[in-house]
$ cat query.cif   # mmCIF, C-alpha atoms
data_my_file
loop_
_atom_site.label_atom_id
_atom_site.label_comp_id
_atom_site.auth_asym_id
_atom_site.auth_seq_id
_atom_site.Cartn_x
_atom_site.Cartn_y
_atom_site.Cartn_z
CA MET G 1 0.00 0.00 0.00
CA ALA G 2 1.33 3.44 -0.94
CA VAL G 3 2.52 5.82 1.76
CA LYS G 4 0.04 8.71 2.12
CA VAL G 5 1.76 12.11 2.45
CA VAL G 6 0.61 15.64 3.26
CA ILE G 7 2.91 18.52 2.24
CA VAL G 8 2.91 21.54 4.56
CA ASP G 9 4.77 24.54 3.10
CA ASP G 10 3.86 28.19 2.52
CA SER G 11 5.84 28.36 -0.73
CA PRO G 12 3.78 27.41 -3.83
CA LEU G 13 6.97 26.48 -5.71
CA ALA G 14 8.24 24.27 -2.90
CA ARG G 15 4.88 22.49 -2.71
CA GLN G 16 4.88 22.04 -6.49
CA ILE G 17 8.39 20.56 -6.48
CA LEU G 18 7.72 18.22 -3.57
CA GLN G 19 4.42 17.16 -5.15
CA ALA G 20 6.22 16.29 -8.40
CA VAL G 21 9.12 14.49 -6.69
CA LEU G 22 6.96 12.44 -4.33
CA SER G 23 4.22 11.63 -6.87
CA ALA G 24 6.82 10.24 -9.27
CA ASP G 25 7.58 7.46 -6.78
CA LYS G 26 5.11 4.56 -6.99
CA ARG G 27 5.54 3.91 -3.27
CA ILE G 28 4.02 7.30 -2.39
CA VAL G 29 0.75 9.14 -2.93
CA VAL G 30 0.34 12.82 -1.98
CA VAL G 31 -3.12 13.14 -0.41
CA GLY G 32 -3.05 16.83 0.47
CA GLN G 33 -1.24 20.14 0.79
CA ALA G 34 -1.41 22.99 3.29
CA VAL G 35 0.02 26.50 3.26
CA ASP G 36 0.12 26.98 7.04
CA PRO G 37 -0.28 24.97 10.27
CA TYR G 38 -3.96 25.88 10.67
CA MET G 39 -4.84 24.52 7.24
CA ALA G 40 -2.54 21.57 7.91
CA ARG G 41 -4.59 20.62 10.95
CA GLU G 42 -7.75 20.31 8.85
CA VAL G 43 -6.04 18.51 5.98
CA ILE G 44 -4.51 15.97 8.38
CA LYS G 45 -7.89 15.28 9.98
CA LYS G 46 -9.49 14.81 6.56
CA THR G 47 -6.81 12.67 4.88
CA GLU G 48 -5.18 10.79 7.80
CA PRO G 49 -1.73 10.66 6.19
CA ASP G 50 1.07 8.27 7.09
CA VAL G 51 3.70 11.03 6.91
CA ILE G 52 3.76 14.82 6.67
CA THR G 53 6.55 16.97 5.30
CA LEU G 54 6.78 20.20 7.28
CA ASP G 55 8.60 23.40 6.39
CA VAL G 56 10.64 24.74 9.30
CA GLU G 57 9.66 28.35 8.59
CA MET G 58 5.88 28.77 8.47
CA PRO G 59 3.51 31.75 8.64
CA LYS G 60 1.00 32.29 11.49
CA MET G 61 2.66 29.58 13.59
CA SER G 62 6.26 28.38 13.49
CA GLY G 63 6.96 24.89 12.21
CA LEU G 64 8.44 23.99 15.61
CA THR G 65 5.35 25.16 17.51
CA PHE G 66 3.10 23.20 15.18
CA LEU G 67 5.34 20.14 15.45
CA LYS G 68 5.30 20.32 19.25
CA ASN G 69 1.49 20.50 19.29
CA LEU G 70 1.19 17.70 16.75
CA MET G 71 3.57 15.36 18.59
CA ARG G 72 1.82 16.04 21.89
CA LEU G 73 -1.76 15.57 20.65
CA ARG G 74 -1.47 13.32 17.58
CA PRO G 75 2.01 11.79 17.23
CA MET G 76 2.84 10.83 13.66
CA PRO G 77 5.91 10.60 11.41
CA VAL G 78 7.14 14.04 10.34
CA VAL G 79 9.95 14.83 7.91
CA MET G 80 11.18 18.42 8.24
CA VAL G 81 12.04 20.50 5.17
CA SER G 82 15.08 22.48 6.27
CA SER G 83 17.64 24.92 4.97
CA LEU G 84 21.10 23.37 5.12
CA THR G 85 22.65 26.32 6.93
CA HIS G 86 24.04 26.76 10.42
CA ALA G 87 20.88 28.68 11.36
CA GLY G 88 18.77 25.90 9.88
CA ALA G 89 20.80 23.34 11.84
CA ASP G 90 19.68 24.62 15.24
CA VAL G 91 16.02 24.66 14.26
CA THR G 92 16.21 21.21 12.67
CA LEU G 93 18.00 19.71 15.66
CA ASP G 94 15.25 21.19 17.85
CA ALA G 95 12.68 19.52 15.60
CA LEU G 96 14.40 16.14 15.94
CA GLU G 97 14.39 16.53 19.73
CA ILE G 98 10.67 17.29 19.63
CA GLY G 99 9.99 14.15 17.63
CA ALA G 100 10.51 14.65 13.89
CA VAL G 101 11.81 11.46 12.31
CA ASP G 102 14.12 13.01 9.73
CA PHE G 103 14.73 16.04 7.55
CA ILE G 104 15.28 16.81 3.89
CA ALA G 105 17.19 19.65 2.30
CA LYS G 106 15.48 22.72 0.96
CA PRO G 107 17.73 23.96 -1.87
CA ALA G 108 18.63 27.65 -1.82
CA GLY G 109 16.22 29.52 -4.03
CA GLU G 110 14.01 26.40 -4.20
CA ASP G 111 15.56 25.48 -7.54
CA PRO G 112 13.68 22.56 -9.19
CA GLU G 113 16.89 21.06 -10.57
CA SER G 114 18.40 20.93 -7.07
CA PHE G 115 15.36 19.10 -5.78
CA ASN G 116 15.53 16.61 -8.64
CA GLN G 117 19.15 15.78 -7.76
CA ILE G 118 18.08 14.60 -4.32
CA ALA G 119 14.69 13.20 -5.36
CA GLN G 120 15.59 9.61 -4.51
CA GLU G 121 16.80 10.60 -1.05
CA ILE G 122 13.62 12.59 -0.40
CA CYS G 123 11.40 9.67 -1.41
CA ASP G 124 13.44 7.12 0.55
CA LYS G 125 13.28 9.24 3.69
CA VAL G 126 9.51 9.68 3.40
CA VAL G 127 8.95 5.95 2.86
CA SER G 128 11.28 5.11 5.74
CA ALA G 129 9.54 7.63 8.01
CA ALA G 130 6.23 5.82 7.47
CA GLN G 131 7.71 2.78 9.24
CA ALA G 132 9.38 4.77 12.01
CA LYS G 133 8.45 4.62 15.66
CA VAL G 134 7.29 7.97 17.01
CA LYS G 135 6.74 9.05 20.59
CA ALA G 136 4.47 11.69 22.06
CA PHE G 137 6.26 14.90 22.93
CA SER G 138 6.60 15.86 26.57
CA PRO G 139 8.88 18.33 28.36
CA GLU G 140 10.46 15.39 30.19
CA LEU G 141 12.21 14.47 26.94
CA PHE G 142 14.53 17.42 27.54
CA ALA G 143 15.27 16.51 31.17
CA GLN G 144 18.82 15.62 32.09
CA ARG G 145 19.35 11.85 32.23
CA SER G 146 20.67 10.23 35.36
CA GLN G 147 24.35 9.40 35.04
CA LEU G 148 25.82 5.92 35.00
CA THR G 149 29.00 5.33 36.96
CA ILE G 150 32.16 3.42 36.21
CA ALA G 151 34.59 2.18 38.81
CA ALA G 152 37.58 2.27 36.50
CA THR G 153 39.68 5.43 36.48
CA SER G 154 42.40 4.34 34.06
CA ALA G 155 40.65 4.42 30.70
CA ARG G 156 43.25 4.26 27.95
CA SER G 157 43.34 5.58 24.41
CA SER G 158 44.44 2.16 23.16
CA SER G 159 40.84 0.99 23.61
CA LEU G 160 38.12 2.45 21.43
CA VAL G 161 34.34 2.72 21.16
CA ALA G 162 33.10 3.22 17.58
CA VAL G 163 29.47 4.17 16.91
CA GLY G 164 27.53 4.44 13.66
CA ALA G 165 24.02 5.87 13.23
CA SER G 166 21.64 7.43 10.72
CA THR G 167 17.88 8.10 10.86
CA GLY G 168 16.90 8.49 14.50
CA GLY G 169 20.54 8.63 15.48
CA VAL G 170 20.62 12.26 16.58
CA GLU G 171 18.32 11.52 19.50
CA ALA G 172 19.69 8.02 20.06
CA LEU G 173 23.19 9.48 20.47
CA ARG G 174 21.84 12.15 22.80
CA ASP G 175 20.20 9.48 24.99
CA LEU G 176 23.25 7.23 24.84
CA LEU G 177 26.01 9.75 25.52
CA SER G 178 24.24 11.91 28.09
CA VAL G 179 24.21 9.13 30.70
CA LEU G 180 27.83 8.04 30.27
CA PRO G 181 30.62 8.98 32.70
CA ALA G 182 33.70 10.93 31.63
CA ASN G 183 36.30 8.27 32.41
CA LEU G 184 35.79 6.14 29.30
CA PRO G 185 38.07 5.22 26.40
CA PRO G 186 37.88 7.54 23.37
CA MET G 187 34.85 7.24 21.14
CA VAL G 188 34.48 7.94 17.40
CA VAL G 189 31.04 8.53 15.91
CA THR G 190 29.79 8.59 12.34
CA GLN G 191 26.26 9.98 12.12
CA HIS G 192 24.75 10.67 8.71
CA ILE G 193 24.27 14.44 8.94
CA PRO G 194 24.83 17.44 6.65
CA GLU G 195 28.04 19.43 6.82
CA ALA G 196 26.30 22.49 8.26
CA PHE G 197 24.80 20.44 11.10
CA SER G 198 27.65 18.34 12.51
CA ARG G 199 29.43 21.06 14.51
CA SER G 200 26.16 22.31 16.01
CA PHE G 201 25.27 18.73 16.88
CA ALA G 202 28.61 18.14 18.61
CA ASN G 203 28.31 21.41 20.53
CA ARG G 204 24.82 20.54 21.73
CA LEU G 205 25.95 17.16 22.99
CA ASN G 206 28.96 18.67 24.71
CA LYS G 207 26.69 20.91 26.78
CA ILE G 208 24.70 18.02 28.28
CA CYS G 209 27.34 15.29 28.60
CA GLN G 210 30.15 14.58 31.04
CA LEU G 211 32.25 13.42 28.10
CA THR G 212 34.04 16.03 25.99
CA ILE G 213 32.37 16.00 22.57
CA VAL G 214 33.82 17.71 19.50
CA GLU G 215 33.54 17.70 15.74
CA ALA G 216 36.50 15.65 14.54
CA GLU G 217 39.45 17.37 12.89
CA ALA G 218 42.29 15.79 10.94
CA GLY G 219 45.33 15.04 13.10
CA MET G 220 43.50 14.92 16.43
CA ARG G 221 44.98 12.35 18.80
CA LEU G 222 42.48 10.10 20.51
CA ARG G 223 42.12 10.91 24.20
CA PRO G 224 40.19 9.10 26.96
CA GLY G 225 36.94 10.82 27.85
CA TRP G 226 36.58 12.43 24.40
CA VAL G 227 34.01 11.75 21.68
CA TYR G 228 34.80 12.70 18.08
CA ILE G 229 31.85 13.32 15.72
CA ALA G 230 32.55 12.93 11.99
CA PRO G 231 32.02 16.18 10.07
CA GLY G 232 29.08 15.98 7.70
CA SER G 233 31.33 16.53 4.69
CA HIS G 234 34.09 13.92 5.24
CA HIS G 235 34.67 10.26 6.00
CA LEU G 236 36.25 9.79 9.43
CA THR G 237 39.08 7.25 9.77
CA VAL G 238 41.46 6.20 12.55
CA HIS G 239 45.18 5.51 12.07
CA ARG G 240 48.23 4.54 14.12
CA GLN G 241 50.97 7.16 14.50
CA GLY G 242 53.81 5.97 16.71
CA ASN G 243 52.27 5.10 20.06
CA ASP G 244 49.16 7.16 19.36
CA TYR G 245 45.98 6.77 17.39
CA VAL G 246 45.04 9.80 15.29
CA LEU G 247 42.09 10.88 13.17
CA ALA G 248 42.08 11.50 9.45
CA LEU G 249 39.38 12.94 7.19
CA ASN G 250 38.80 12.46 3.49
CA ASP G 251 36.23 13.73 1.03
CA GLY G 252 36.35 10.69 -1.23
CA GLU G 253 33.49 9.03 -3.05
CA LEU G 254 30.19 8.33 -1.34
CA VAL G 255 30.02 4.86 0.21
CA ASN G 256 26.58 3.30 0.57
CA ARG G 257 25.36 6.70 -0.70
CA HIS G 258 26.90 8.46 2.30
CA ARG G 259 29.82 10.66 3.25
CA PRO G 260 30.61 10.22 6.09
CA SER G 261 30.13 6.47 5.91
CA VAL G 262 30.05 4.12 8.89
CA ASP G 263 31.62 1.33 6.82
CA VAL G 264 34.61 3.55 5.98
CA MET G 265 35.17 4.32 9.66
CA TYR G 266 34.81 0.68 10.68
CA GLU G 267 37.19 -0.47 7.93
CA SER G 268 39.92 1.90 9.14
CA ILE G 269 39.53 0.58 12.68
CA SER G 270 39.67 -3.02 11.49
CA ASN G 271 42.93 -2.25 9.66
CA THR G 272 44.46 -0.24 12.51
CA TYR G 273 43.51 -1.55 15.93
CA ARG G 274 45.15 -4.45 17.66
CA ASN G 275 43.63 -3.68 21.06
CA SER G 276 40.12 -3.63 22.48
CA VAL G 277 37.31 -2.21 20.33
CA LEU G 278 33.59 -2.02 21.02
CA ALA G 279 31.72 -1.27 17.76
CA ILE G 280 28.07 -0.23 17.98
CA LEU G 281 25.51 0.23 15.21
CA LEU G 282 22.45 2.29 16.07
CA THR G 283 19.15 3.14 14.39
CA GLY G 284 19.30 4.15 10.74
CA MET G 285 17.91 3.76 7.24
CA GLY G 286 19.77 1.58 4.75
CA LYS G 287 22.65 -0.80 5.39
CA ASP G 288 25.73 1.39 5.95
CA GLY G 289 27.92 -0.14 8.64
CA ALA G 290 26.52 -3.68 8.43
CA GLN G 291 29.41 -5.19 6.46
CA GLY G 292 31.97 -3.20 8.41
CA LEU G 293 30.54 -4.46 11.69
CA LEU G 294 30.75 -8.04 10.41
CA ASN G 295 34.42 -7.53 9.48
CA LEU G 296 35.14 -6.18 12.96
CA ARG G 297 33.46 -9.18 14.56
CA ARG G 298 35.47 -11.54 12.35
CA SER G 299 38.60 -9.69 13.52
CA GLY G 300 37.76 -10.57 17.12
CA PHE G 301 36.33 -7.24 18.27
CA ASN G 302 33.15 -6.77 20.31
CA THR G 303 30.07 -5.77 18.29
CA VAL G 304 26.62 -4.57 19.35
CA CYS G 305 23.48 -3.58 17.45
CA GLN G 306 20.52 -1.60 18.70
CA ASP G 307 17.38 -3.73 18.87
CA GLN G 308 14.32 -3.23 16.69
CA GLN G 309 12.07 -2.14 19.54
CA SER G 310 14.17 0.86 20.56
CA SER G 311 15.25 1.85 17.02
CA VAL G 312 13.39 4.57 15.15
CA VAL G 313 14.29 2.74 11.91
CA TRP G 314 15.77 -0.76 12.09
CA GLY G 315 17.52 -0.62 8.73
CA MET G 316 21.25 -0.48 9.46
CA PRO G 317 21.21 -2.57 12.65
CA GLY G 318 18.69 -4.97 11.07
CA ALA G 319 21.00 -5.47 8.08
CA ALA G 320 23.90 -6.17 10.44
CA VAL G 321 21.87 -8.67 12.46
CA ALA G 322 20.90 -10.44 9.22
CA LEU G 323 24.63 -10.85 8.49
CA ASP G 324 25.26 -12.18 12.02
CA ALA G 325 27.54 -9.20 12.59
CA ALA G 326 26.37 -8.49 16.15
CA GLU G 327 27.54 -10.37 19.22
CA LYS G 328 24.72 -8.70 21.13
CA VAL G 329 21.45 -7.02 20.17
CA LEU G 330 20.46 -4.59 22.92
CA SER G 331 18.07 -1.77 23.66
CA LEU G 332 19.49 1.74 23.76
CA ASN G 333 19.45 1.76 27.58
CA GLU G 334 21.22 -1.59 27.64
CA ILE G 335 23.89 -0.31 25.24
CA SER G 336 24.78 2.48 27.68
CA LYS G 337 25.34 -0.10 30.41
CA GLU G 338 27.24 -2.34 27.99
CA ILE G 339 29.73 0.45 27.25
CA VAL G 340 30.34 1.02 30.95
CA ASP G 341 30.70 -2.70 31.70
CA TRP G 342 33.05 -3.18 28.74
CA ALA G 343 35.20 -0.21 29.75
CA SER G 344 35.35 -1.39 33.37
CA LYS G 345 36.44 -4.87 32.30
CA ASN G 346 39.14 -3.49 30.00
CA ALA G 347 40.43 -1.19 32.73
CA ARG G 348 40.73 -4.11 35.16
CA ILE G 349 42.60 -6.17 32.57
CA SER G 350 44.95 -3.25 31.91
CA GLN G 351 45.65 -2.86 35.62
CA LEU G 352 46.38 -6.55 36.03
CA SER G 353 48.77 -6.61 33.06
CA SER G 354 50.65 -3.45 34.05
#

$ encode --input "query.cif" --output "structure tokens"
Amino acid sequence: MAVKVVIVDDSPLARQILQAVLSADKRIVVVGQAVDPYMAREVIKKTEPDVITLDVEMPKMSGLTFLKNLMRLRPMPVVMVSSLTHAGADVTLDALEIGAVDFIAKPAGEDPESFNQIAQEICDKVVSAAQAKVKAFSPELFAQRSQLTIAATSARSSSLVAVGASTGGVEALRDLLSVLPANLPPMVVTQHIPEAFSRSFANRLNKICQLTIVEAEAGMRLRPGWVYIAPGSHHLTVHRQGNDYVLALNDGELVNRHRPSVDVMYESISNTYRNSVLAILLTGMGKDGAQGLLNLRRSGFNTVCQDQQSSVVWGMPGAAVALDAAEKVLSLNEISKEIVDWASKNARISQLSS
């Protein structure tokens, strides 16, 4: 059955372009349009769509205010239409916190050719959103999480936690990292996110976490207690340099239709590390990271996938599970505890061997 979509955007040209792009996909049927949130409310009641696309900047009522009301009173999958700018990043990240499933780019000037270039991505995200798990919005979602504790105080940079995520990953990473203690081995993260968003995302996480969280830069040495987020424009890789492990970035070809790619990060770790690694694959659309996780498991490293129940979209972790790439399949809360337990065990082993 086709996914029913309502387009909410005050721009006639943007609505026309989205209508054309979405209607060209046989998996989708556009059942209505609205020029503002008040009209959207009536159209949604009348058509009962599976997904709505929502412009961030709306007249009469902001897209965020409408989204907050919608997710509180009638939770449903929402894909935000956002400007890929630093200003747009903050608003879009707010929308994801409120409960939007994903976002799509709004080309500057709303150029039809630009939309056509990303038509497949737009359609895939809408179809994926229809299967996503959504939760009702409540202010408690923004509350600080209680912190886990770790007995070990000698976390070493020779151990590594490597995390990959896509759709749903922004909030999954927020939930995961905000409960972790500071005395952990270094962590590298590849989240599928636009270039303009990754630094804002890292800065947001850094404000609510005990760990130090930064956007990765080439040449950074891995340090315990630090988390390095791949920039949205480059693949993130890890390499040995003397006694240290350092980060490298490259703007090579897309891998699994992504840059940064989780598989590229995992491959570099598989080729570099000879010590303890815990590789984790979180919620996401597609299959990026599945093969890389399998290779890491075959190399003797620990591998974990997020379970279907707690994933917004069980594409990437589901693909990894199908390959038997995961030693463990855990809920997001269980993954937090797994990281702490793994780090504690490694610290004890290090103390015994020193």

$ resolve_selection --input "query.cif" --expression "the PyMOL selection byres ((chain G and resi 254-267) around 9)" --output "number ranges by chain"
G: 162-165, 188-193, 230-238, 250-253, 268-272, 279, 281, 286-293, 295-296

$ resolve_selection --input "query.cif" --expression "the PyMOL selection byres ((chain G and resi 132) around 10)" --output "MDAnalysis selection string"
chainID G and resid 51 76:78 101:102 126:131 133:135 167:168 285 311:314

$ resolve_selection --input "query.cif" --expression "the PyMOL selection byres ((chain G and resi 207-210) around 8)" --output "list in words"
Gln144, Leu177, Ser178, Val179, Leu180, Pro181, Ala182, Asn203, Arg204, Leu205, Asn206, Leu211, Thr212 and Ile213 of chain G

$ write_last_selection --input "query.cif" --atoms "C-alpha atoms" --output "JSON list (two decimals), in the coordinates of the input"
[["chain", "number", "residue", "atom", "x", "y", "z"],
["G", 144, "GLN", "CA", 18.82, 15.62, 32.09],
["G", 177, "LEU", "CA", 26.01, 9.75, 25.52],
["G", 178, "SER", "CA", 24.24, 11.91, 28.09],
["G", 179, "VAL", "CA", 24.21, 9.13, 30.70],
["G", 180, "LEU", "CA", 27.83, 8.04, 30.27],
["G", 181, "PRO", "CA", 30.62, 8.98, 32.70],
["G", 182, "ALA", "CA", 33.70, 10.93, 31.63],
["G", 203, "ASN", "CA", 28.31, 21.41, 20.53],
["G", 204, "ARG", "CA", 24.82, 20.54, 21.73],
["G", 205, "LEU", "CA", 25.95, 17.16, 22.99],
["G", 206, "ASN", "CA", 28.96, 18.67, 24.71],
["G", 211, "LEU", "CA", 32.25, 13.42, 28.10],
["G", 212, "THR", "CA", 34.04, 16.03, 25.99],
["G", 213, "ILE", "CA", 32.37, 16.00, 22.57]]

$ closest_residue --input "query.cif" --among "G:Lys60, G:Lys328, G:Arg72, G:Arg15" --to "Lys106 of chain G" --atoms "all atoms listed in the file"
G:Arg15

$ residues_around --input "query.cif" --residues "Leu64 of chain G" --least-positions-apart "2" --cutoff "8 Å" --atoms "all atoms listed in the file" --output "MDAnalysis selection string"
chainID G and resid 56 62 66:68 91 94:95

$ closest_residue --input "query.cif" --among "G:Ser166, G:Leu282, G:Asn302, G:Glu338" --to "Pro317 of chain G" --atoms "only C-alpha atoms"
G:Leu282

$ closest_residue --input "query.cif" --among "G:Ile335, G:Ala119, G:Met58, G:Cys305" --to "Ala322 of chain G" --atoms "all atoms listed in the file"
G:Cys305

$ closest_residue --input "query.cif" --among "G:Arg274, G:Ala105, G:Ala202, G:Ile98" --to "Pro75 of chain G" --atoms "all atoms listed in the file"
G:Ile98

$ closest_residue --input "query.cif" --among "G:Leu176, G:Val227, G:Val29, G:Val35" --to "Gln306 of chain G" --atoms "only C-alpha atoms"
G:Leu176

$ axis_aligned_box --input "query.cif" --around "segment 101-105 of chain G" --padding-each-side "4 Å" --output "lines of an AutoDock Vina configuration file"
center_x = 14.5
center_y = 15.6
center_z = 7.3
size_x = 13.4
size_y = 16.2
size_z = 18.0
